[in-house]
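So this one's coords-v2.txt, compact mmCIF, C-alpha atoms and all ligand atoms:
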# COMPACT_ATOMS: atom_id res chain seq x y z
CA MET G 758 -60.32 -40.56 18.29
CA GLN G 759 -64.16 -40.58 18.39
CA THR G 760 -65.44 -37.89 20.77
CA GLN G 761 -68.89 -36.82 21.98
CA LEU G 762 -68.38 -33.45 23.60
CA ALA G 763 -70.75 -32.44 26.40
CA ASP G 764 -73.28 -29.64 25.89
CA PHE G 765 -71.34 -27.17 28.06
CA ILE G 766 -68.50 -26.98 25.52
CA LYS G 767 -69.47 -28.49 22.18
CA ASP G 768 -70.69 -25.26 20.55
CA THR G 769 -67.83 -23.07 21.75
CA ALA G 770 -64.62 -22.09 19.93
CA GLU G 771 -62.61 -24.06 22.52
CA GLY G 772 -64.85 -27.10 22.12
CA ARG G 773 -64.40 -27.11 18.36
CA GLU G 774 -60.65 -26.71 18.73
CA ALA G 775 -60.43 -29.50 21.33
CA GLU G 776 -62.54 -31.84 19.18
CA ALA G 777 -60.29 -31.26 16.16
CA ILE G 778 -57.19 -32.00 18.25
CA LEU G 779 -58.74 -35.14 19.76
CA ARG G 780 -59.76 -36.36 16.32
CA ASN G 781 -56.09 -36.28 15.21
CA CYS G 782 -54.95 -38.59 17.99
CA VAL G 783 -54.87 -42.22 16.85
CA HIS G 784 -53.88 -43.46 20.31
CA CYS G 785 -50.66 -45.04 19.02
CA GLY G 786 -48.68 -44.17 22.16
CA PHE G 787 -45.44 -43.21 20.36
CA CYS G 788 -45.42 -39.99 22.42
CA THR G 789 -45.29 -41.89 25.70
CA ALA G 790 -41.69 -42.95 25.14
CA THR G 791 -40.41 -39.37 25.08
CA CYS G 792 -42.50 -38.00 27.96
CA PRO G 793 -40.31 -37.09 30.95
CA THR G 794 -43.02 -37.65 33.57
CA TYR G 795 -43.93 -41.06 32.14
CA GLN G 796 -40.25 -41.99 32.25
CA LEU G 797 -40.07 -41.04 35.94
CA LEU G 798 -43.42 -42.36 37.15
CA GLY G 799 -44.21 -45.21 34.75
CA ASP G 800 -47.95 -44.52 34.90
CA GLU G 801 -49.87 -44.28 31.60
CA LEU G 802 -51.91 -41.41 33.13
CA ASP G 803 -48.67 -39.47 33.65
CA GLY G 804 -47.92 -39.64 29.95
CA PRO G 805 -49.47 -37.76 27.00
CA ARG G 806 -51.77 -40.50 25.76
CA GLY G 807 -53.23 -40.99 29.26
CA ARG G 808 -53.62 -37.25 29.79
CA ILE G 809 -55.35 -36.88 26.43
CA TYR G 810 -57.76 -39.60 27.53
CA LEU G 811 -58.41 -37.81 30.85
CA ILE G 812 -59.10 -34.51 29.05
CA LYS G 813 -61.43 -36.31 26.62
CA GLN G 814 -63.41 -37.69 29.57
CA LEU G 815 -63.57 -34.22 31.11
CA LEU G 816 -64.84 -32.66 27.88
CA GLU G 817 -67.41 -35.44 27.47
CA GLY G 818 -68.88 -34.52 30.85
CA HIS G 819 -67.62 -37.47 32.93
CA ASP G 820 -66.83 -36.99 36.60
CA VAL G 821 -63.33 -35.73 37.36
CA SER G 822 -61.46 -35.72 40.65
CA GLU G 823 -58.33 -34.47 42.40
CA LYS G 824 -56.59 -37.49 40.88
CA THR G 825 -57.38 -36.27 37.35
CA GLN G 826 -56.12 -32.82 38.31
CA LEU G 827 -52.91 -34.26 39.75
CA HIS G 828 -52.05 -36.10 36.51
CA LEU G 829 -52.57 -32.85 34.58
CA ASP G 830 -50.63 -30.82 37.19
CA ARG G 831 -47.66 -33.17 36.81
CA CYS G 832 -47.43 -32.41 33.08
CA LEU G 833 -44.54 -30.00 32.40
CA THR G 834 -46.13 -28.74 29.16
CA CYS G 835 -42.69 -29.42 27.71
CA ARG G 836 -44.25 -30.46 24.36
CA SER G 837 -41.77 -33.27 23.79
CA CYS G 838 -44.83 -35.37 22.94
CA GLU G 839 -45.73 -32.92 20.14
CA THR G 840 -42.29 -33.33 18.57
CA THR G 841 -42.67 -37.12 18.67
CA CYS G 842 -46.30 -37.39 17.56
CA PRO G 843 -46.58 -38.56 13.93
CA SER G 844 -50.16 -37.25 13.69
CA GLY G 845 -49.42 -33.63 14.61
CA VAL G 846 -51.55 -33.63 17.78
CA HIS G 847 -51.38 -30.17 19.38
CA TYR G 848 -51.28 -31.55 22.91
CA SER G 849 -50.32 -28.31 24.70
CA ARG G 850 -53.39 -26.49 23.39
CA LEU G 851 -55.62 -29.36 24.48
CA ALA G 852 -53.94 -29.30 27.90
CA ASP G 853 -54.63 -25.54 28.21
CA ILE G 854 -58.31 -26.12 27.48
CA GLY G 855 -58.59 -29.09 29.85
CA ARG G 856 -56.72 -27.47 32.70
CA ASN G 857 -58.83 -24.34 32.51
CA ILE G 858 -62.01 -26.39 32.90
CA ILE G 859 -60.76 -28.69 35.62
CA GLU G 860 -59.64 -25.67 37.62
CA GLN G 861 -63.27 -24.58 37.81
CA ARG G 862 -64.54 -28.11 38.60
CA VAL G 863 -62.12 -29.38 41.22
CA PRO G 864 -61.48 -27.01 44.14
CA ARG G 865 -57.93 -26.77 45.43
CA THR G 866 -56.96 -26.55 49.10
CA GLY G 867 -56.49 -23.09 50.60
CA ALA G 868 -52.71 -23.53 50.69
CA GLU G 869 -52.58 -24.53 47.00
CA ARG G 870 -54.78 -21.59 46.01
CA ALA G 871 -52.62 -19.20 48.04
CA LYS G 872 -49.41 -20.50 46.44
CA ARG G 873 -50.79 -20.07 42.91
CA TRP G 874 -52.20 -16.64 43.74
CA ALA G 875 -48.83 -15.48 45.12
CA LEU G 876 -47.01 -16.69 42.00
CA ARG G 877 -49.53 -15.01 39.69
CA GLU G 878 -49.28 -11.73 41.58
CA LEU G 879 -45.53 -11.62 42.21
CA VAL G 880 -43.75 -13.12 39.21
CA PRO G 881 -45.27 -11.13 36.31
CA ARG G 882 -44.71 -7.71 37.96
CA ALA G 883 -41.12 -6.82 37.15
CA GLY G 884 -40.94 -4.02 39.75
CA VAL G 885 -42.39 -6.07 42.60
CA PHE G 886 -40.38 -9.14 41.60
CA GLY G 887 -37.18 -7.05 41.42
CA ALA G 888 -37.77 -5.65 44.92
CA ALA G 889 -38.46 -9.18 46.24
CA MET G 890 -35.29 -10.44 44.57
CA LYS G 891 -33.24 -7.65 46.21
CA ALA G 892 -34.73 -8.42 49.62
CA GLY G 893 -34.20 -12.15 49.01
CA ARG G 894 -30.51 -11.62 48.27
CA ALA G 895 -30.14 -9.69 51.55
CA VAL G 896 -31.62 -12.52 53.64
CA ARG G 897 -30.77 -15.53 51.47
CA PRO G 898 -29.16 -17.61 54.28
CA LEU G 899 -32.42 -17.39 56.22
CA LEU G 900 -34.64 -18.57 53.36
CA PRO G 901 -35.84 -22.18 52.97
CA ASN G 902 -33.72 -24.19 50.49
CA ALA G 903 -36.46 -24.19 47.84
CA LEU G 904 -36.42 -20.37 47.78
CA GLN G 905 -32.66 -19.89 48.23
CA GLU G 906 -32.02 -21.54 44.89
CA LYS G 907 -34.42 -19.10 43.20
CA VAL G 908 -32.31 -16.10 44.28
CA PRO G 909 -29.18 -16.06 42.10
CA ASP G 910 -26.36 -13.53 42.39
CA VAL G 911 -26.67 -10.81 39.79
CA ARG G 912 -23.95 -10.39 37.16
CA ARG G 913 -22.93 -7.00 35.80
CA ALA G 914 -24.95 -6.16 32.70
CA GLY G 915 -22.29 -3.95 31.09
CA PRO G 916 -23.03 -1.11 28.69
CA TRP G 917 -26.04 -1.02 26.37
CA PRO G 918 -24.98 0.48 23.02
CA ALA G 919 -26.68 3.67 21.84
CA ALA G 920 -29.33 3.17 19.12
CA ARG G 921 -27.12 4.27 16.20
CA HIS G 922 -28.22 1.94 13.38
CA SER G 923 -31.05 2.40 10.91
CA ARG G 924 -32.01 -1.25 11.48
CA ARG G 925 -33.92 -1.45 14.77
CA MET G 926 -35.56 -4.19 16.77
CA ILE G 927 -37.44 -4.25 20.06
CA ALA G 928 -36.32 -6.54 22.87
CA LEU G 929 -38.80 -7.81 25.43
CA ALA G 930 -37.43 -7.02 28.89
CA GLY G 931 -39.86 -9.48 30.49
CA CYS G 932 -40.67 -9.95 34.18
CA VAL G 933 -37.98 -11.92 36.03
CA GLN G 934 -35.04 -11.52 33.66
CA PRO G 935 -34.25 -7.84 34.37
CA SER G 936 -33.59 -8.56 38.06
CA MET G 937 -32.22 -12.11 37.72
CA ALA G 938 -29.93 -11.67 34.69
CA PRO G 939 -29.86 -8.16 33.17
CA SER G 940 -26.66 -9.27 31.44
CA ILE G 941 -28.64 -11.31 28.87
CA ASN G 942 -30.46 -8.50 27.07
CA ALA G 943 -27.39 -6.25 27.35
CA ALA G 944 -25.28 -8.99 25.73
CA ALA G 945 -27.90 -9.40 22.98
CA ALA G 946 -27.82 -5.63 22.36
CA ARG G 947 -24.01 -5.65 22.05
CA VAL G 948 -24.00 -8.66 19.71
CA LEU G 949 -26.68 -7.14 17.48
CA ASP G 950 -24.94 -3.75 17.56
CA ALA G 951 -21.82 -5.43 16.17
CA LEU G 952 -24.04 -6.86 13.40
CA GLY G 953 -25.45 -3.44 12.49
CA ILE G 954 -28.76 -3.71 14.38
CA SER G 955 -29.87 -1.51 17.29
CA LEU G 956 -31.86 -3.26 20.00
CA VAL G 957 -34.16 -1.15 22.19
CA GLU G 958 -36.49 -1.97 25.07
CA GLN G 959 -39.90 -0.35 24.89
CA PRO G 960 -41.24 1.26 28.09
CA GLY G 961 -44.66 -0.06 29.02
CA ALA G 962 -44.05 -3.66 27.94
CA GLY G 963 -43.63 -6.33 30.61
CA CYS G 964 -44.33 -10.00 31.25
CA CYS G 965 -45.23 -11.90 28.07
CA GLY G 966 -48.26 -13.35 29.87
CA ALA G 967 -47.11 -16.97 30.07
CA VAL G 968 -46.97 -17.01 33.87
CA ARG G 969 -50.59 -16.04 34.41
CA TYR G 970 -51.86 -17.91 31.36
CA HIS G 971 -50.39 -21.20 32.56
CA LEU G 972 -51.40 -20.62 36.18
CA HIS G 973 -55.10 -20.84 35.46
CA ASP G 974 -55.58 -17.14 34.77
CA GLN G 975 -55.97 -17.11 31.01
CA GLU G 976 -57.68 -13.71 31.07
CA GLY G 977 -54.75 -12.28 33.07
CA GLY G 978 -52.37 -13.70 30.44
CA ARG G 979 -54.41 -12.04 27.70
CA ALA G 980 -54.31 -8.74 29.61
CA ASP G 981 -50.49 -8.97 29.69
CA ALA G 982 -50.52 -9.64 25.93
CA ARG G 983 -52.74 -6.60 25.27
CA ARG G 984 -50.44 -4.37 27.35
CA ASN G 985 -47.43 -5.49 25.30
CA VAL G 986 -49.28 -5.01 22.02
CA ASP G 987 -50.19 -1.45 23.15
CA ALA G 988 -46.55 -0.73 24.06
CA TRP G 989 -45.13 -2.05 20.77
CA TRP G 990 -47.79 -1.13 18.26
CA PRO G 991 -46.91 2.55 17.64
CA ALA G 992 -43.33 1.66 16.58
CA VAL G 993 -44.61 -1.29 14.51
CA GLU G 994 -47.28 0.84 12.82
CA ARG G 995 -44.74 3.53 11.92
CA GLY G 996 -42.50 0.84 10.41
CA GLU G 997 -39.63 1.75 12.76
CA VAL G 998 -38.81 -1.78 13.87
CA GLU G 999 -38.08 -4.98 11.98
CA ALA G 1000 -38.75 -7.49 14.72
CA MET G 1001 -39.68 -8.15 18.33
CA VAL G 1002 -36.70 -10.03 19.78
CA MET G 1003 -37.07 -12.61 22.55
CA THR G 1004 -34.02 -13.63 24.57
CA ALA G 1005 -36.05 -16.12 26.64
CA SER G 1006 -37.41 -18.91 24.47
CA GLY G 1007 -40.36 -19.32 26.87
CA CYS G 1008 -41.48 -15.76 26.16
CA GLY G 1009 -40.96 -16.37 22.44
CA VAL G 1010 -43.47 -19.21 22.42
CA GLN G 1011 -46.04 -17.04 24.18
CA VAL G 1012 -45.59 -13.89 22.07
CA LYS G 1013 -45.62 -15.88 18.82
CA ASP G 1014 -49.02 -17.14 19.96
CA TYR G 1015 -50.53 -13.66 20.55
CA GLY G 1016 -52.54 -13.87 17.31
CA HIS G 1017 -54.23 -17.02 18.55
CA LEU G 1018 -54.66 -15.78 22.13
CA LEU G 1019 -56.39 -12.58 21.05
CA ALA G 1020 -58.19 -13.96 18.00
CA GLN G 1021 -61.60 -13.41 19.62
CA ASP G 1022 -60.86 -9.77 20.52
CA PRO G 1023 -61.80 -7.55 17.56
CA ALA G 1024 -59.81 -4.59 18.94
CA TYR G 1025 -56.56 -6.57 19.16
CA ALA G 1026 -56.76 -9.57 16.82
CA GLU G 1027 -55.12 -7.90 13.81
CA LYS G 1028 -52.42 -6.09 15.76
CA ALA G 1029 -51.61 -9.23 17.76
CA THR G 1030 -51.30 -11.31 14.59
CA ARG G 1031 -48.93 -8.74 13.06
CA ILE G 1032 -46.79 -8.60 16.19
CA ALA G 1033 -46.69 -12.39 16.45
CA ALA G 1034 -45.51 -12.56 12.84
CA LEU G 1035 -42.67 -10.12 13.63
CA THR G 1036 -41.54 -12.02 16.72
CA ARG G 1037 -38.21 -13.86 16.58
CA ASP G 1038 -36.03 -15.72 19.01
CA ILE G 1039 -32.61 -14.03 19.26
CA SER G 1040 -31.04 -17.15 17.68
CA GLU G 1041 -33.10 -16.61 14.51
CA ILE G 1042 -31.87 -13.03 14.24
CA VAL G 1043 -28.20 -13.85 14.82
CA ALA G 1044 -28.36 -16.91 12.52
CA ALA G 1045 -29.68 -14.69 9.71
CA GLU G 1046 -26.50 -12.58 10.10
CA ALA G 1047 -24.20 -15.60 10.50
CA ASP G 1048 -21.77 -14.61 7.73
CA ARG G 1049 -21.20 -11.19 9.23
CA LEU G 1050 -20.87 -12.69 12.70
CA GLU G 1051 -18.32 -15.23 11.55
CA ALA G 1052 -16.28 -12.55 9.77
CA GLN G 1053 -16.12 -10.54 13.01
CA LEU G 1054 -15.38 -13.57 15.15
CA LEU G 1055 -12.47 -14.68 12.96
CA LYS G 1056 -10.46 -11.77 14.33
CA ARG G 1057 -11.28 -12.54 17.94
CA ARG G 1058 -10.93 -16.24 18.63
CA GLY G 1059 -9.30 -17.06 21.96
CA GLU G 1060 -9.09 -20.10 24.17
CA ARG G 1061 -11.50 -22.88 23.04
CA ARG G 1062 -13.86 -23.83 25.88
CA ARG G 1063 -16.03 -26.92 25.92
CA VAL G 1064 -19.73 -26.09 26.26
CA ALA G 1065 -22.78 -28.30 26.81
CA PHE G 1066 -25.89 -26.70 25.34
CA GLN G 1067 -29.19 -27.36 27.12
CA SER G 1068 -31.83 -26.72 24.52
CA PRO G 1069 -34.93 -25.51 26.41
CA CYS G 1070 -38.19 -27.30 25.59
CA THR G 1071 -39.64 -23.97 24.55
CA LEU G 1072 -36.83 -23.59 21.99
CA GLN G 1073 -36.76 -27.11 20.51
CA HIS G 1074 -40.36 -28.29 20.98
CA GLY G 1075 -42.23 -24.96 21.22
CA LEU G 1076 -40.43 -22.81 18.63
CA LYS G 1077 -39.02 -25.86 16.78
CA ILE G 1078 -35.57 -24.26 16.58
CA ARG G 1079 -33.06 -27.08 16.62
CA GLY G 1080 -29.32 -27.05 15.92
CA VAL G 1081 -29.19 -23.27 15.32
CA VAL G 1082 -27.64 -22.22 18.64
CA GLU G 1083 -25.18 -25.10 18.48
CA ARG G 1084 -23.96 -23.86 15.08
CA LEU G 1085 -23.62 -20.29 16.37
CA LEU G 1086 -21.62 -21.41 19.41
CA ALA G 1087 -19.34 -23.49 17.18
CA ALA G 1088 -18.89 -20.47 14.89
CA ALA G 1089 -17.93 -18.43 17.96
CA GLY G 1090 -15.11 -20.88 18.67
CA TYR G 1091 -16.69 -23.02 21.39
CA GLU G 1092 -16.35 -26.77 21.35
CA LEU G 1093 -19.75 -28.45 21.71
CA ALA G 1094 -19.98 -31.41 24.08
CA PRO G 1095 -22.55 -34.07 23.08
CA VAL G 1096 -25.64 -34.12 25.35
CA ARG G 1097 -27.54 -37.36 25.94
CA ASP G 1098 -31.35 -37.22 25.98
CA GLY G 1099 -31.29 -33.61 24.81
CA HIS G 1100 -35.04 -33.77 24.10
CA LEU G 1101 -35.91 -34.16 27.80
CA CYS G 1102 -37.00 -31.27 30.04
CA CYS G 1103 -34.67 -30.00 32.79
CA GLY G 1104 -37.64 -29.70 35.19
CA SER G 1105 -37.83 -25.91 35.31
CA ALA G 1106 -40.99 -25.44 33.21
CA GLY G 1107 -42.05 -21.99 34.42
CA THR G 1108 -43.44 -22.30 37.95
CA TYR G 1109 -43.36 -26.14 37.86
CA SER G 1110 -40.20 -26.25 39.98
CA LEU G 1111 -42.12 -24.58 42.82
CA LEU G 1112 -45.37 -26.50 42.34
CA GLN G 1113 -43.91 -29.99 41.71
CA PRO G 1114 -40.51 -29.80 43.44
CA GLU G 1115 -39.76 -33.54 43.73
CA LEU G 1116 -40.27 -34.30 40.03
CA SER G 1117 -38.55 -31.06 39.07
CA HIS G 1118 -35.45 -31.85 41.13
CA GLN G 1119 -35.26 -35.38 39.78
CA LEU G 1120 -35.39 -34.07 36.22
CA ARG G 1121 -32.68 -31.51 37.05
CA GLU G 1122 -30.39 -34.18 38.46
CA ASN G 1123 -30.85 -36.27 35.33
CA LYS G 1124 -30.27 -33.27 33.06
CA LEU G 1125 -27.14 -32.11 34.91
CA ALA G 1126 -25.74 -35.63 34.78
CA ALA G 1127 -26.31 -35.70 31.00
CA LEU G 1128 -24.82 -32.21 30.55
CA GLY G 1129 -21.75 -33.18 32.57
CA GLU G 1130 -20.89 -36.37 30.69
CA GLY G 1131 -19.05 -34.69 27.80
CA GLY G 1132 -16.48 -32.85 29.94
CA ALA G 1133 -17.94 -29.33 29.44
CA THR G 1134 -16.67 -26.51 31.64
CA LEU G 1135 -19.66 -24.29 30.78
CA ILE G 1136 -23.38 -24.90 30.29
CA ALA G 1137 -25.28 -22.74 27.81
CA SER G 1138 -29.04 -22.31 27.60
CA ALA G 1139 -31.60 -20.02 25.98
CA ASN G 1140 -34.17 -19.41 28.69
CA ILE G 1141 -33.83 -17.66 32.05
CA GLY G 1142 -36.04 -20.18 33.89
CA CYS G 1143 -33.91 -23.15 32.82
CA MET G 1144 -30.70 -21.25 33.56
CA THR G 1145 -31.66 -20.38 37.15
CA HIS G 1146 -32.99 -23.87 37.79
CA LEU G 1147 -29.87 -25.59 36.45
CA GLN G 1148 -27.43 -23.19 38.13
CA ALA G 1149 -28.97 -23.97 41.52
CA GLY G 1150 -27.86 -27.60 41.10
CA THR G 1151 -24.31 -27.20 39.80
CA ALA G 1152 -21.08 -25.28 40.31
CA THR G 1153 -20.48 -25.27 36.53
CA PRO G 1154 -21.33 -21.77 35.23
CA VAL G 1155 -24.65 -21.64 33.35
CA ARG G 1156 -24.98 -18.80 30.84
CA HIS G 1157 -27.24 -17.70 28.03
CA TRP G 1158 -25.58 -18.63 24.73
CA VAL G 1159 -25.72 -14.98 23.58
CA GLU G 1160 -23.55 -14.09 26.60
CA LEU G 1161 -20.98 -16.58 25.35
CA VAL G 1162 -21.04 -15.03 21.87
CA ASP G 1163 -20.78 -11.54 23.44
CA CYS G 1164 -17.81 -12.69 25.50
CA ARG G 1165 -16.02 -13.86 22.35
CA LEU G 1166 -17.08 -10.89 20.21
CA ASN G 1167 -16.74 -7.99 22.62
CA GLY G 1168 -14.51 -9.39 25.34
CA PHE G 1169 -17.15 -9.18 28.04
CA PRO G 1170 -16.43 -11.42 31.03
CA LEU G 1171 -18.69 -14.42 31.63
S1 LIG G 1201 -50.69 -37.84 20.71
FE1 LIG G 1201 -49.82 -38.56 18.79
S2 LIG G 1201 -48.22 -40.01 19.39
FE2 LIG G 1201 -49.53 -39.69 21.18
S3 LIG G 1201 -51.06 -41.31 21.10
FE3 LIG G 1201 -51.96 -39.56 20.04
S4 LIG G 1201 -51.42 -39.83 17.86
FE4 LIG G 1201 -50.09 -41.21 19.04
S1 LIG G 1202 -46.04 -31.93 27.57
FE1 LIG G 1202 -44.24 -33.07 28.29
S2 LIG G 1202 -44.77 -33.80 30.36
FE2 LIG G 1202 -46.69 -33.17 29.34
S3 LIG G 1202 -47.48 -35.03 28.41
FE3 LIG G 1202 -46.26 -34.02 26.81
S4 LIG G 1202 -44.20 -34.91 27.00
FE4 LIG G 1202 -45.33 -35.42 28.89

Please rewrite the model in this file as C-alpha cells.
Amino acid sequence: MQTQLADFIKDTAEGREAEAILRNCVHCGFCTATCPTYQLLGDELDGPRGRIYLIKQLLEGHDVSEKTQLHLDRCLTCRSCETTCPSGVHYSRLADIGRNIIEQRVPRTGAERAKRWALRELVPRAGVFGAAMKAGRAVRPLLPNALQEKVPDVRRAGPWPAARHSRRMIALAGCVQPSMAPSINAAAARVLDALGISLVEQPGAGCCGAVRYHLHDQEGGRADARRNVDAWWPAVERGEVEAMVMTASGCGVQVKDYGHLLAQDPAYAEKATRIAALTRDISEIVAAEADRLEAQLLKRRGERRRVAFQSPCTLQHGLKIRGVVERLLAAAGYELAPVRDGHLCCGSAGTYSLLQPELSHQLRENKLAALGEGGATLIASANIGCMTHLQAGTATPVRHWVELVDCRLNGFPL
C-alpha cells in the first residue's frame, strides 16, 4: 500500500516500522472474513482492512475523530487477522502505533479517562488487586453485575513442591492470577516437578506490562518490563534457570516481545532480548517432556472426561501455538470435543470486557455456544482472562489445562 507519512512521524523508528507494515498490505480483504468484530457489526471500518486504512490516514496527517477512535477501540487485538493474512501484515504492531497517536489527538470524556486510569492503576498491582478481590468477594451480592462476574471464588492452590531438581525454571506470578487462581501456577509447579523440573517464582517480578501497554500507557508497560528484567536477570546471568515460564498465554506474548519493547533502551535491550528468547509458554515446556509425561500418566488414567479446549487468541494467534495443548490433554486421558470457530475470540481480550461490554458479552455467548456443542463437561483454557470471562457465563467448570493434567497426574481435585 502506497503511503506518504506526515512529517511528525516519518523520521521516527515507529514511523519507519508503520510504513513497512503498511507497505505489506495489498488490501485483499482476506482478513476481514475472520475478524470477530466485523462478523458482529458488518462494517468494513470494524474489520482489519478498514482499521489499517484509518491508521494510514492518521499517520498521513489527515483529520481523525471520535469515530476513528471508536473503530480502533472496538478492535480486540485478537490477531486473528494476522493468522489469516497471506502477506504477513503485523497488524497488532500497527494498531499499537496508531492507538498511541490517536490517544494524544482525540480527547476522551472524563468518565472514560477515569475508567482507564483506574484499570491502569489497579490491575497491574498484584497486592492492591488482591486486596480489592478479597473485598469484592465479601460484598459480591452488592456489586453491579459487570463487576460481580469479575470476582470468582478462589480454589485451593495446594502444595508447591520444594525446589529439589537441578533443572530450574522461573514462573511469572503476574498481577491478577495470584488472587484469582493461585491454583494454576501451583499445578504447573507440581506437573513440572513430576517431570524433573523445579519451578520457582522470583520475588520482585510482577505484571508483564500488557495491561498498561495496551491501555495507552506504553511507558508504564515498559517500566513493568524493566522491573521484571531486573528481578530475573541475576538468576539468568548466573545460568541458574533454563526458561521463564508463562502460565497465562497473554503474558507470554508480552514477555516474548520484551526485546522489541526495550530495543531503544541501551541499558536493557540486550538483557530483554535474552530473557525474551528464554521465555516459553507452559505448553511448550510440557510438550518437550511429552514422553516422560505419557509414561507417568499411563499408570494413572481414571475416568475419561470430555473437554472442550478454548484456545486463547494469545496462544493461537499471538504465540502461534496450535494443537499442542489438545495433544497434551489427549495424552492425559481426556476426550477432546470438537470446537466450531475455534479461531474466534471469546471477548475477554484483557480489559476489553470492561471497556466494550456489549460486544464482549456477545462474543462470549457465541463462544460458549460453540464450546457446548460437543457435549463437554469441562472447558479448558490457557489464559486467566479468558477463563474468568468464560466462567462468568456458564455453570460448566472452566479450568487451565495444566490443572487438568495435574488432576490426572497428582490426583489434585479440579
Ligand atoms: S492485512 Fe493482509 S489480508 Fe488484510 S487486507 Fe492487508 S494484505 Fe489482505
Ligand atoms: S485484531 Fe482481531 S478484532 Fe482487531 S482487526 Fe484483527 S481480527 Fe479484527

At a cut-off of 7 Å, can you tabulate as a Markdown table every residue of chain G near ligand LIG 1202 (chain G) together with its closest atom pair and the distance in Å to one decimal, using all atoms listed in the file and ordering rows by chain then number?
| residue | atom | partner | partner_atom | distance |
| --- | --- | --- | --- | --- |
| G:Cys788 | CA | G:LIG1202 | S4 | 6.9 |
| G:Thr791 | CA | G:LIG1202 | S4 | 6.2 |
| G:Cys792 | CA | G:LIG1202 | S4 | 3.7 |
| G:Pro793 | CA | G:LIG1202 | S2 | 5.6 |
| G:Thr794 | CA | G:LIG1202 | S2 | 5.3 |
| G:Tyr795 | CA | G:LIG1202 | FE4 | 6.7 |
| G:Asp803 | CA | G:LIG1202 | S3 | 7.0 |
| G:Gly804 | CA | G:LIG1202 | S3 | 4.9 |
| G:Pro805 | CA | G:LIG1202 | S3 | 3.7 |
| G:Arg808 | CA | G:LIG1202 | S3 | 6.7 |
| G:Cys832 | CA | G:LIG1202 | FE2 | 3.9 |
| G:Leu833 | CA | G:LIG1202 | S2 | 4.3 |
| G:Thr834 | CA | G:LIG1202 | S1 | 3.6 |
| G:Cys835 | CA | G:LIG1202 | FE1 | 4.0 |
| G:Arg836 | CA | G:LIG1202 | S1 | 4.0 |
| G:Ser837 | CA | G:LIG1202 | S4 | 4.3 |
| G:Cys838 | CA | G:LIG1202 | S4 | 4.1 |
| G:Glu839 | CA | G:LIG1202 | FE3 | 6.8 |
| G:Tyr848 | CA | G:LIG1202 | FE3 | 6.8 |
| G:Ser849 | CA | G:LIG1202 | S1 | 6.3 |

Could you save the residues just selected, with C-alpha atoms, as a PDB file, in the coordinates of the input?
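Saved the output as part39.pdb:
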ATOM      1  CA  CYS G 788     -45.420 -39.990  22.420  1.00  0.00           C
ATOM      2  CA  THR G 791     -40.410 -39.370  25.080  1.00  0.00           C
ATOM      3  CA  CYS G 792     -42.500 -38.000  27.960  1.00  0.00           C
ATOM      4  CA  PRO G 793     -40.310 -37.090  30.950  1.00  0.00           C
ATOM      5  CA  THR G 794     -43.020 -37.650  33.570  1.00  0.00           C
ATOM      6  CA  TYR G 795     -43.930 -41.060  32.140  1.00  0.00           C
ATOM      7  CA  ASP G 803     -48.670 -39.470  33.650  1.00  0.00           C
ATOM      8  CA  GLY G 804     -47.920 -39.640  29.950  1.00  0.00           C
ATOM      9  CA  PRO G 805     -49.470 -37.760  27.000  1.00  0.00           C
ATOM     10  CA  ARG G 808     -53.620 -37.250  29.790  1.00  0.00           C
ATOM     11  CA  CYS G 832     -47.430 -32.410  33.080  1.00  0.00           C
ATOM     12  CA  LEU G 833     -44.540 -30.000  32.400  1.00  0.00           C
ATOM     13  CA  THR G 834     -46.130 -28.740  29.160  1.00  0.00           C
ATOM     14  CA  CYS G 835     -42.690 -29.420  27.710  1.00  0.00           C
ATOM     15  CA  ARG G 836     -44.250 -30.460  24.360  1.00  0.00           C
ATOM     16  CA  SER G 837     -41.770 -33.270  23.790  1.00  0.00           C
ATOM     17  CA  CYS G 838     -44.830 -35.370  22.940  1.00  0.00           C
ATOM     18  CA  GLU G 839     -45.730 -32.920  20.140  1.00  0.00           C
ATOM     19  CA  TYR G 848     -51.280 -31.550  22.910  1.00  0.00           C
ATOM     20  CA  SER G 849     -50.320 -28.310  24.700  1.00  0.00           C
TER      21      SER G 849
END

Residues contacting ligand LIG 1201 (chain G) - anything with an atom at most 10 Å away, using only C-alpha atoms and all ligand atoms - can you give me those as an MDAnalysis selection string? chainID G and resid 758 778:792 804:810 838:848

Could you give me, as a list in words, the residues within 10 Å of Pro939 (chain G), counting only C-alpha atoms and dropping anything in the same chain fewer than 4 positions from it?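 In the requested format, the answer is Val911, Arg912, Arg913, Ala914, Gly915, Ala930, Val933, Gln934, Pro935, Ala943 and Ala944 of chain G.
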
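Considering the residues G:Ala763, G:Ile858, G:Cys1102, G:Leu1128 and counting all atoms listed in the file, Cys1143 (chain G) has its shortest atom-to-atom contact with G:Cys1102.
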
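Of note, CA of Val821 (chain G) and CA of Leu1116 (chain G) are spaced 23.3 Å apart.
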
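Distances to Leu797 (chain G) were evaluated for G:Arg831, G:Arg924, G:Arg969, G:His819 using all atoms listed in the file, and the minimum falls at G:Arg831.
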
Distance of CA of Ser940 (chain G) from CA of Leu1111 (chain G), expressed in Å to one decimal place: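 Calculated distance between CA of Leu1111 (chain G) and CA of Ser940 (chain G) is 24.6 Å.
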